[in-house]
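Trainee: Structure supplied as protein.pdb; contents: PDB, C-alpha atoms.
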ATOM      1  CA  MET A   1     -17.180   2.670  10.323
ATOM      2  CA  TRP A   2     -17.862  -0.914  11.288
ATOM      3  CA  ARG A   3     -16.270  -4.105  10.076
ATOM      4  CA  SER A   4     -17.944  -7.457  10.184
ATOM      5  CA  LEU A   5     -16.054 -10.398  11.601
ATOM      6  CA  CYS A   6     -17.641 -13.757  10.961
ATOM      7  CA  ALA A   7     -16.730 -16.933  12.743
ATOM      8  CA  ALA A   8     -18.438 -19.863  11.127
ATOM      9  CA  GLU A   9     -18.515 -23.470  12.199
ATOM     10  CA  LYS A  10     -17.208 -25.606   9.389
ATOM     11  CA  ARG A  11     -18.146 -29.140   8.457
ATOM     12  CA  LEU A  12     -15.811 -31.624   6.887
ATOM     13  CA  SER A  13     -17.280 -33.501   3.941
ATOM     14  CA  THR A  14     -15.935 -35.886   1.338
ATOM     15  CA  ASN A  15     -17.424 -36.103  -2.150
ATOM     16  CA  ARG A  16     -17.535 -39.127  -4.473
ATOM     17  CA  THR A  17     -14.091 -38.442  -5.947
ATOM     18  CA  GLY A  18     -12.530 -38.585  -2.480
ATOM     19  CA  LYS A  19     -11.840 -34.835  -2.296
ATOM     20  CA  THR A  20     -12.300 -33.365   1.174
ATOM     21  CA  THR A  21     -13.921 -29.919   1.441
ATOM     22  CA  TYR A  22     -14.904 -27.588   4.247
ATOM     23  CA  THR A  23     -18.308 -25.938   4.174
ATOM     24  CA  PRO A  24     -19.757 -23.488   6.676
ATOM     25  CA  SER A  25     -22.638 -24.798   8.742
ATOM     26  CA  HIS A  26     -25.953 -22.987   9.026
ATOM     27  CA  SER A  27     -25.018 -21.574  12.441
ATOM     28  CA  SER A  28     -22.599 -18.778  11.488
ATOM     29  CA  VAL A  29     -21.914 -16.063  14.044
ATOM     30  CA  CYS A  30     -21.217 -12.530  12.814
ATOM     31  CA  VAL A  31     -20.009  -9.752  15.072
ATOM     32  CA  ALA A  32     -19.707  -6.089  14.118
ATOM     33  CA  VAL A  33     -16.505  -4.503  15.441
ATOM     34  CA  PRO A  34     -15.757  -0.778  15.208
ATOM     35  CA  ALA A  35     -12.744   0.061  13.020
ATOM     36  CA  MET A  36     -11.365   2.123  15.901
ATOM     37  CA  ALA A  37     -10.889  -1.084  17.876
ATOM     38  CA  GLU A  38      -8.058  -2.196  15.620
ATOM     39  CA  GLU A  39      -6.398   1.223  15.950
ATOM     40  CA  THR A  40      -6.562   0.941  19.727
ATOM     41  CA  ILE A  41      -5.119  -2.558  19.615
ATOM     42  CA  PHE A  42      -2.242  -1.257  17.456
ATOM     43  CA  GLU A  43      -1.503   1.491  19.995
ATOM     44  CA  PHE A  44      -1.588  -0.944  22.929
ATOM     45  CA  LEU A  45       0.667  -3.378  21.082
ATOM     46  CA  HIS A  46       3.117  -0.555  20.344
ATOM     47  CA  SER A  47       3.169   0.458  24.024
ATOM     48  CA  GLU A  48       3.785  -3.110  25.140
ATOM     49  CA  VAL A  49       6.623  -3.569  22.661
ATOM     50  CA  ILE A  50       8.234  -0.399  24.051
ATOM     51  CA  ASN A  51       7.818  -1.681  27.624
ATOM     52  CA  TYR A  52       9.310  -5.052  26.673
ATOM     53  CA  VAL A  53      12.344  -3.464  24.988
ATOM     54  CA  LEU A  54      12.934  -1.152  27.956
ATOM     55  CA  GLU A  55      12.678  -4.057  30.431
ATOM     56  CA  GLN A  56      15.167  -6.065  28.366
ATOM     57  CA  ASN A  57      17.541  -3.078  28.402
ATOM     58  CA  ILE A  58      17.347  -2.909  32.188
ATOM     59  CA  VAL A  59      18.126  -6.624  32.485
ATOM     60  CA  LYS A  60      21.091  -6.408  30.072
ATOM     61  CA  ASN A  61      22.566  -3.059  31.106
ATOM     62  CA  LYS A  62      21.793  -2.270  34.707
ATOM     63  CA  ASP A  63      24.422   0.481  34.873
ATOM     64  CA  ALA A  64      23.555   2.212  31.573
ATOM     65  CA  LYS A  65      22.139   5.721  31.888
ATOM     66  CA  ASP A  66      20.819   6.070  28.319
ATOM     67  CA  GLU A  67      18.050   3.950  26.849
ATOM     68  CA  ASP A  68      19.089   1.666  24.011
ATOM     69  CA  LEU A  69      16.283   1.838  21.479
ATOM     70  CA  SER A  70      18.161   0.078  18.661
ATOM     71  CA  SER A  71      16.194  -3.167  19.032
ATOM     72  CA  LEU A  72      12.931  -1.198  18.843
ATOM     73  CA  GLU A  73      14.221   0.549  15.722
ATOM     74  CA  TYR A  74      15.198  -2.822  14.227
ATOM     75  CA  ILE A  75      11.681  -4.209  14.823
ATOM     76  CA  GLY A  76      10.382  -1.172  12.939
ATOM     77  CA  PHE A  77      12.945  -1.700  10.165
ATOM     78  CA  SER A  78      11.851  -5.276   9.508
ATOM     79  CA  THR A  79       8.178  -4.255   9.678
ATOM     80  CA  GLY A  80       8.633  -1.379   7.213
ATOM     81  CA  TYR A  81      10.621  -3.596   4.873
ATOM     82  CA  LYS A  82       7.767  -6.121   4.744
ATOM     83  CA  ILE A  83       4.976  -3.542   4.450
ATOM     84  CA  ILE A  84       6.615  -1.895   1.428
ATOM     85  CA  GLU A  85       6.922  -5.321  -0.168
ATOM     86  CA  ARG A  86       3.151  -5.721  -0.066
ATOM     87  CA  LEU A  87       2.228  -2.142  -0.978
ATOM     88  CA  THR A  88       4.445  -1.947  -4.057
ATOM     89  CA  LYS A  89       3.968  -5.489  -5.352
ATOM     90  CA  GLU A  90       1.948  -4.423  -8.412
ATOM     91  CA  MET A  91       3.447  -0.941  -8.879
ATOM     92  CA  PRO A  92       6.069   0.212 -11.384
ATOM     93  CA  ARG A  93       9.397   1.482 -10.053
ATOM     94  CA  PHE A  94       9.554   5.098  -8.911
ATOM     95  CA  LYS A  95      11.324   7.437 -11.307
ATOM     96  CA  ASP A  96      13.332   9.338  -8.660
ATOM     97  CA  GLU A  97      13.827   9.935  -4.930
ATOM     98  CA  LEU A  98      11.189  12.627  -4.757
ATOM     99  CA  ASP A  99       8.524  10.293  -6.153
ATOM    100  CA  THR A 100       9.593   7.681  -3.628
ATOM    101  CA  MET A 101       9.274  10.168  -0.777
ATOM    102  CA  LYS A 102       5.848  11.301  -2.013
ATOM    103  CA  PHE A 103       4.727   7.669  -1.961
ATOM    104  CA  ILE A 104       6.059   7.307   1.599
ATOM    105  CA  CYS A 105       4.157  10.423   2.701
ATOM    106  CA  THR A 106       0.867   9.393   1.126
ATOM    107  CA  ASP A 107       0.220   5.694   0.535
ATOM    108  CA  PHE A 108       2.751   4.190   2.949
ATOM    109  CA  TRP A 109       1.906   6.531   5.851
ATOM    110  CA  THR A 110      -1.823   6.095   5.231
ATOM    111  CA  ALA A 111      -1.509   2.304   5.265
ATOM    112  CA  ILE A 112       0.104   2.426   8.705
ATOM    113  CA  TYR A 113      -1.296   5.513  10.451
ATOM    114  CA  LYS A 114      -4.585   6.096   8.557
ATOM    115  CA  LYS A 115      -3.553   9.628   7.547
ATOM    116  CA  GLN A 116      -1.047  11.329   5.282
ATOM    117  CA  ILE A 117       2.036  13.229   6.377
ATOM    118  CA  ASP A 118       1.104  16.881   6.916
ATOM    119  CA  ASN A 119       4.189  18.387   5.280
ATOM    120  CA  LEU A 120       7.178  17.211   3.213
ATOM    121  CA  ARG A 121      10.204  19.432   2.764
ATOM    122  CA  THR A 122      13.465  18.840   0.960
ATOM    123  CA  ASN A 123      16.650  20.710   0.106
ATOM    124  CA  HIS A 124      16.977  18.627  -3.116
ATOM    125  CA  GLN A 125      20.352  17.382  -1.868
ATOM    126  CA  GLY A 126      19.236  14.205  -0.141
ATOM    127  CA  VAL A 127      17.627  15.649   2.990
ATOM    128  CA  TYR A 128      13.880  15.238   3.528
ATOM    129  CA  VAL A 129      11.791  16.356   6.495
ATOM    130  CA  LEU A 130       8.412  14.690   7.059
ATOM    131  CA  HIS A 131       6.230  16.661   9.461
ATOM    132  CA  ASP A 132       3.282  15.043  11.242
ATOM    133  CA  ASN A 133       1.337  17.613  13.288
ATOM    134  CA  ALA A 134      -0.510  14.968  15.312
ATOM    135  CA  PHE A 135       1.721  11.902  15.399
ATOM    136  CA  ARG A 136      -0.413   8.966  16.464
ATOM    137  CA  PHE A 137       1.816   7.599  19.245
ATOM    138  CA  LEU A 138       2.285  11.029  20.831
ATOM    139  CA  THR A 139      -1.351  12.149  20.882
ATOM    140  CA  ARG A 140      -2.166  10.083  23.998
ATOM    141  CA  ILE A 141       0.743  11.516  26.003
ATOM    142  CA  SER A 142       0.264  14.642  28.074
ATOM    143  CA  GLN A 143       1.512  17.726  26.284
ATOM    144  CA  GLY A 144       3.630  19.042  29.158
ATOM    145  CA  LYS A 145       7.335  19.758  28.684
ATOM    146  CA  GLN A 146       8.252  17.112  31.275
ATOM    147  CA  TYR A 147       7.165  14.343  28.880
ATOM    148  CA  LEU A 148       9.381  15.463  25.975
ATOM    149  CA  GLU A 149      12.239  13.310  27.293
ATOM    150  CA  LEU A 150      10.027  10.215  26.853
ATOM    151  CA  ALA A 151       9.244  11.008  23.194
ATOM    152  CA  PRO A 152      12.202   9.074  21.669
ATOM    153  CA  ARG A 153      10.663   5.850  22.980
ATOM    154  CA  TYR A 154       7.537   6.436  20.924
ATOM    155  CA  VAL A 155       9.192   7.496  17.670
ATOM    156  CA  ALA A 156      12.067   4.967  17.418
ATOM    157  CA  TYR A 157       9.790   2.273  15.959
ATOM    158  CA  THR A 158       8.536   4.642  13.266
ATOM    159  CA  CYS A 159      12.096   5.716  12.406
ATOM    160  CA  GLY A 160      12.776   2.044  11.796
ATOM    161  CA  ILE A 161       9.620   1.639   9.712
ATOM    162  CA  LEU A 162      10.698   4.524   7.474
ATOM    163  CA  ARG A 163      14.276   3.269   7.146
ATOM    164  CA  GLY A 164      13.135  -0.294   6.391
ATOM    165  CA  GLY A 165      10.575   0.797   3.824
ATOM    166  CA  LEU A 166      13.084   3.004   2.051
ATOM    167  CA  ALA A 167      15.757   0.288   2.185
ATOM    168  CA  ASN A 168      13.406  -2.083   0.375
ATOM    169  CA  LEU A 169      12.915   0.580  -2.296
ATOM    170  CA  GLY A 170      16.700   0.828  -2.750
ATOM    171  CA  VAL A 171      17.169   4.042  -0.756
ATOM    172  CA  ASN A 172      19.784   3.765   1.998
ATOM    173  CA  CYS A 173      19.349   6.469   4.606
ATOM    174  CA  PHE A 174      19.552   7.615   8.197
ATOM    175  CA  VAL A 175      16.247   8.472   9.879
ATOM    176  CA  THR A 176      16.019  10.573  13.026
ATOM    177  CA  ALA A 177      13.048  12.134  14.764
ATOM    178  CA  GLU A 178      12.628  15.501  16.408
ATOM    179  CA  VAL A 179       9.881  16.328  18.890
ATOM    180  CA  GLN A 180       9.804  19.948  20.035
ATOM    181  CA  SER A 181       6.207  20.042  21.215
ATOM    182  CA  MET A 182       3.700  17.242  21.656
ATOM    183  CA  PRO A 183       2.117  15.690  19.565
ATOM    184  CA  SER A 184       3.981  17.178  16.595
ATOM    185  CA  CYS A 185       6.932  15.210  15.213
ATOM    186  CA  LYS A 186       9.461  15.768  12.420
ATOM    187  CA  PHE A 187      11.230  12.826  10.803
ATOM    188  CA  HIS A 188      14.555  13.775   9.194
ATOM    189  CA  ILE A 189      15.690  11.489   6.398
ATOM    190  CA  GLN A 190      19.300  11.816   5.224
ATOM    191  CA  ILE A 191      19.929   9.833   2.031
ATOM    192  CA  GLN A 192      23.295   8.055   1.932
ATOM    193  CA  ARG A 193      24.920   8.562  -1.446
ATOM    194  CA  THR A 194      27.267   5.822  -2.701
TER     195      THR A 194
END
Written as structure tokens, how would this file's structure read?

Mentor:
Amino acid sequence: MWRSLCAAEKRLSTNRTGKTTYTPSHSSVCVAVPAMAEETIFEFLHSEVINYVLEQNIVKNKDAKDEDLSSLEYIGFSTGYKIIERLTKEMPRFKDELDTMKFICTDFWTAIYKKQIDNLRTNHQGVYVLHDNAFRFLTRISQGKQYLELAPRYVAYTCGILRGGLANLGVNCFVTAEVQSMPSCKFHIQIQRT
């Protein structure tokens, strides 16, 4: 799939009423860019955000043994909150939690990761498990056991995206991730009842 990006020179012109308009000139340049390029850019951006957060943690807490991924999760939270705002702008409210979670697994996940969640499970008591068999940010990492300890770095942002999206829909929750084998990932969502 290719997308066309056009960069056109624009001319400034003023008509008789004094209104200024911009019109493209005859020398427009169009470039075809593969859709995969934007996916790659997203993955590189995600990696650089992780590196930045980890470097900031080292500067702040030189003696800390554990990685503080809360700022990465917060970036995801604010991103998810804004994405849901756009996706649900013209939609009616969801009738219950299960409908909300189905929307998260289909439309929301597809808008971000270009695929649906592979499996959704619930105990009907406020616990949902979203299973992605090939989680996008883990597919590029070697599948050896030695890399499992690095997995939380790559799923913290998505935990935030899920929590932020659900918060905007009026669902307060805790979101954790579990990675037992690469690139499979389970996101556990615990709804907070008030």

Trainee: Please evaluate the PyMOL selection byres ((chain A and resi 74) around 10) against the displayed coordinates and give the resulting residues as a PyMOL selection string.

Mentor: chain A and resi 69-73+75-80+156-157+159-161+163-164

Trainee: Any idea what's packed within 12 Å of Cys105 of chain A, counting only C-alpha atoms, ignoring anything in its chain fewer than 6 positions away? Could you give it as a ChimeraX atom specification?

Mentor: /A:98-99,111-121,128-132,162,165-166,187

Trainee: To one decimal in Å, tell me the separation between atom CA of Cys173 of chain A and atom CA of Ile191 of chain A.

Mentor: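 These two atoms are separated by 4.3 Å.
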
Trainee: What does the structure give for the distance between atom CA of His188 of chain A and atom CA of Glu90 of chain A, in Å to one decimal?

Mentor: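 If I compute the distance from atom CA of His188 of chain A to atom CA of Glu90 of chain A, I get 28.3 Å.
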
Trainee: Take atom CA of Asn133 of chain A and atom CA of Leu87 of chain A and report the distance between them in Å, one decimal.

Mentor: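 Interatomic distance, atom CA of Asn133 of chain A to atom CA of Leu87 of chain A: 24.4 Å.
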
Trainee: Using the chain letters and residue numbers of this document, give as an NGL selection string the residues selected by the PyMOL selection byres ((chain A and resi 97) around 12).

Mentor: :A and (93-96 or 98-104 or 122 or 124-128 or 166 or 169-173 or 189-193)

Trainee: Could you give me the axis-aligned bounding box of segment 180-190 of chain A, with 4 Å of padding per side, as centre plus edge lengths in Å to one decimal, as lines of an AutoDock Vina configuration file?

Mentor:
center_x = 10.7
center_y = 15.8
center_z = 13.4
size_x = 25.2
size_y = 16.6
size_z = 24.4

Trainee: When you count all atoms listed in the file, which of these residues is closest to Glu48 of chain A: A:Tyr81, A:Tyr154, A:Tyr147, A:Phe135?

Mentor: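 Among A:Tyr81, A:Tyr154, A:Tyr147, A:Phe135, it is A:Tyr154 that comes nearest to Glu48 of chain A.
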
Trainee: Counting all atoms listed in the file, which of A:Arg153, A:Phe108, A:Phe137, A:Lys62 gets nearest to Glu85 of chain A?

Mentor: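 Comparing A:Arg153, A:Phe108, A:Phe137, A:Lys62 against Glu85 of chain A, the winner is A:Phe108.
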
Trainee: So which residues touch Gln143 of chain A within 9 Å, counting only C-alpha atoms, skipping near sequence neighbours fewer than 3 positions away, as an NGL selection string?

Mentor: :A and (138-140 or 146-148 or 181-183)

Trainee: Go through A:Asp107, A:Glu38, A:Glu149, A:Asp66 and flag the residue nearest Met91 of chain A, using all atoms listed in the file for the distances.

Mentor: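 When distances to Met91 of chain A are compared using all atoms listed in the file, the smallest one comes from A:Asp107.
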
Trainee: Select, from A:Arg136, A:Gly144, A:Trp109, A:Asn61, the residue with the minimum atom-to-atom distance to Phe44 of chain A, counting only C-alpha atoms.

Mentor: A:Arg136

Trainee: Would you mind telling me which residue in A:Phe174, A:Ser184, A:Leu54, A:Val49 lies nearest to Ile141 of chain A when using only C-alpha atoms?

Mentor: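 Among A:Phe174, A:Ser184, A:Leu54, A:Val49, it is A:Ser184 that comes nearest to Ile141 of chain A.
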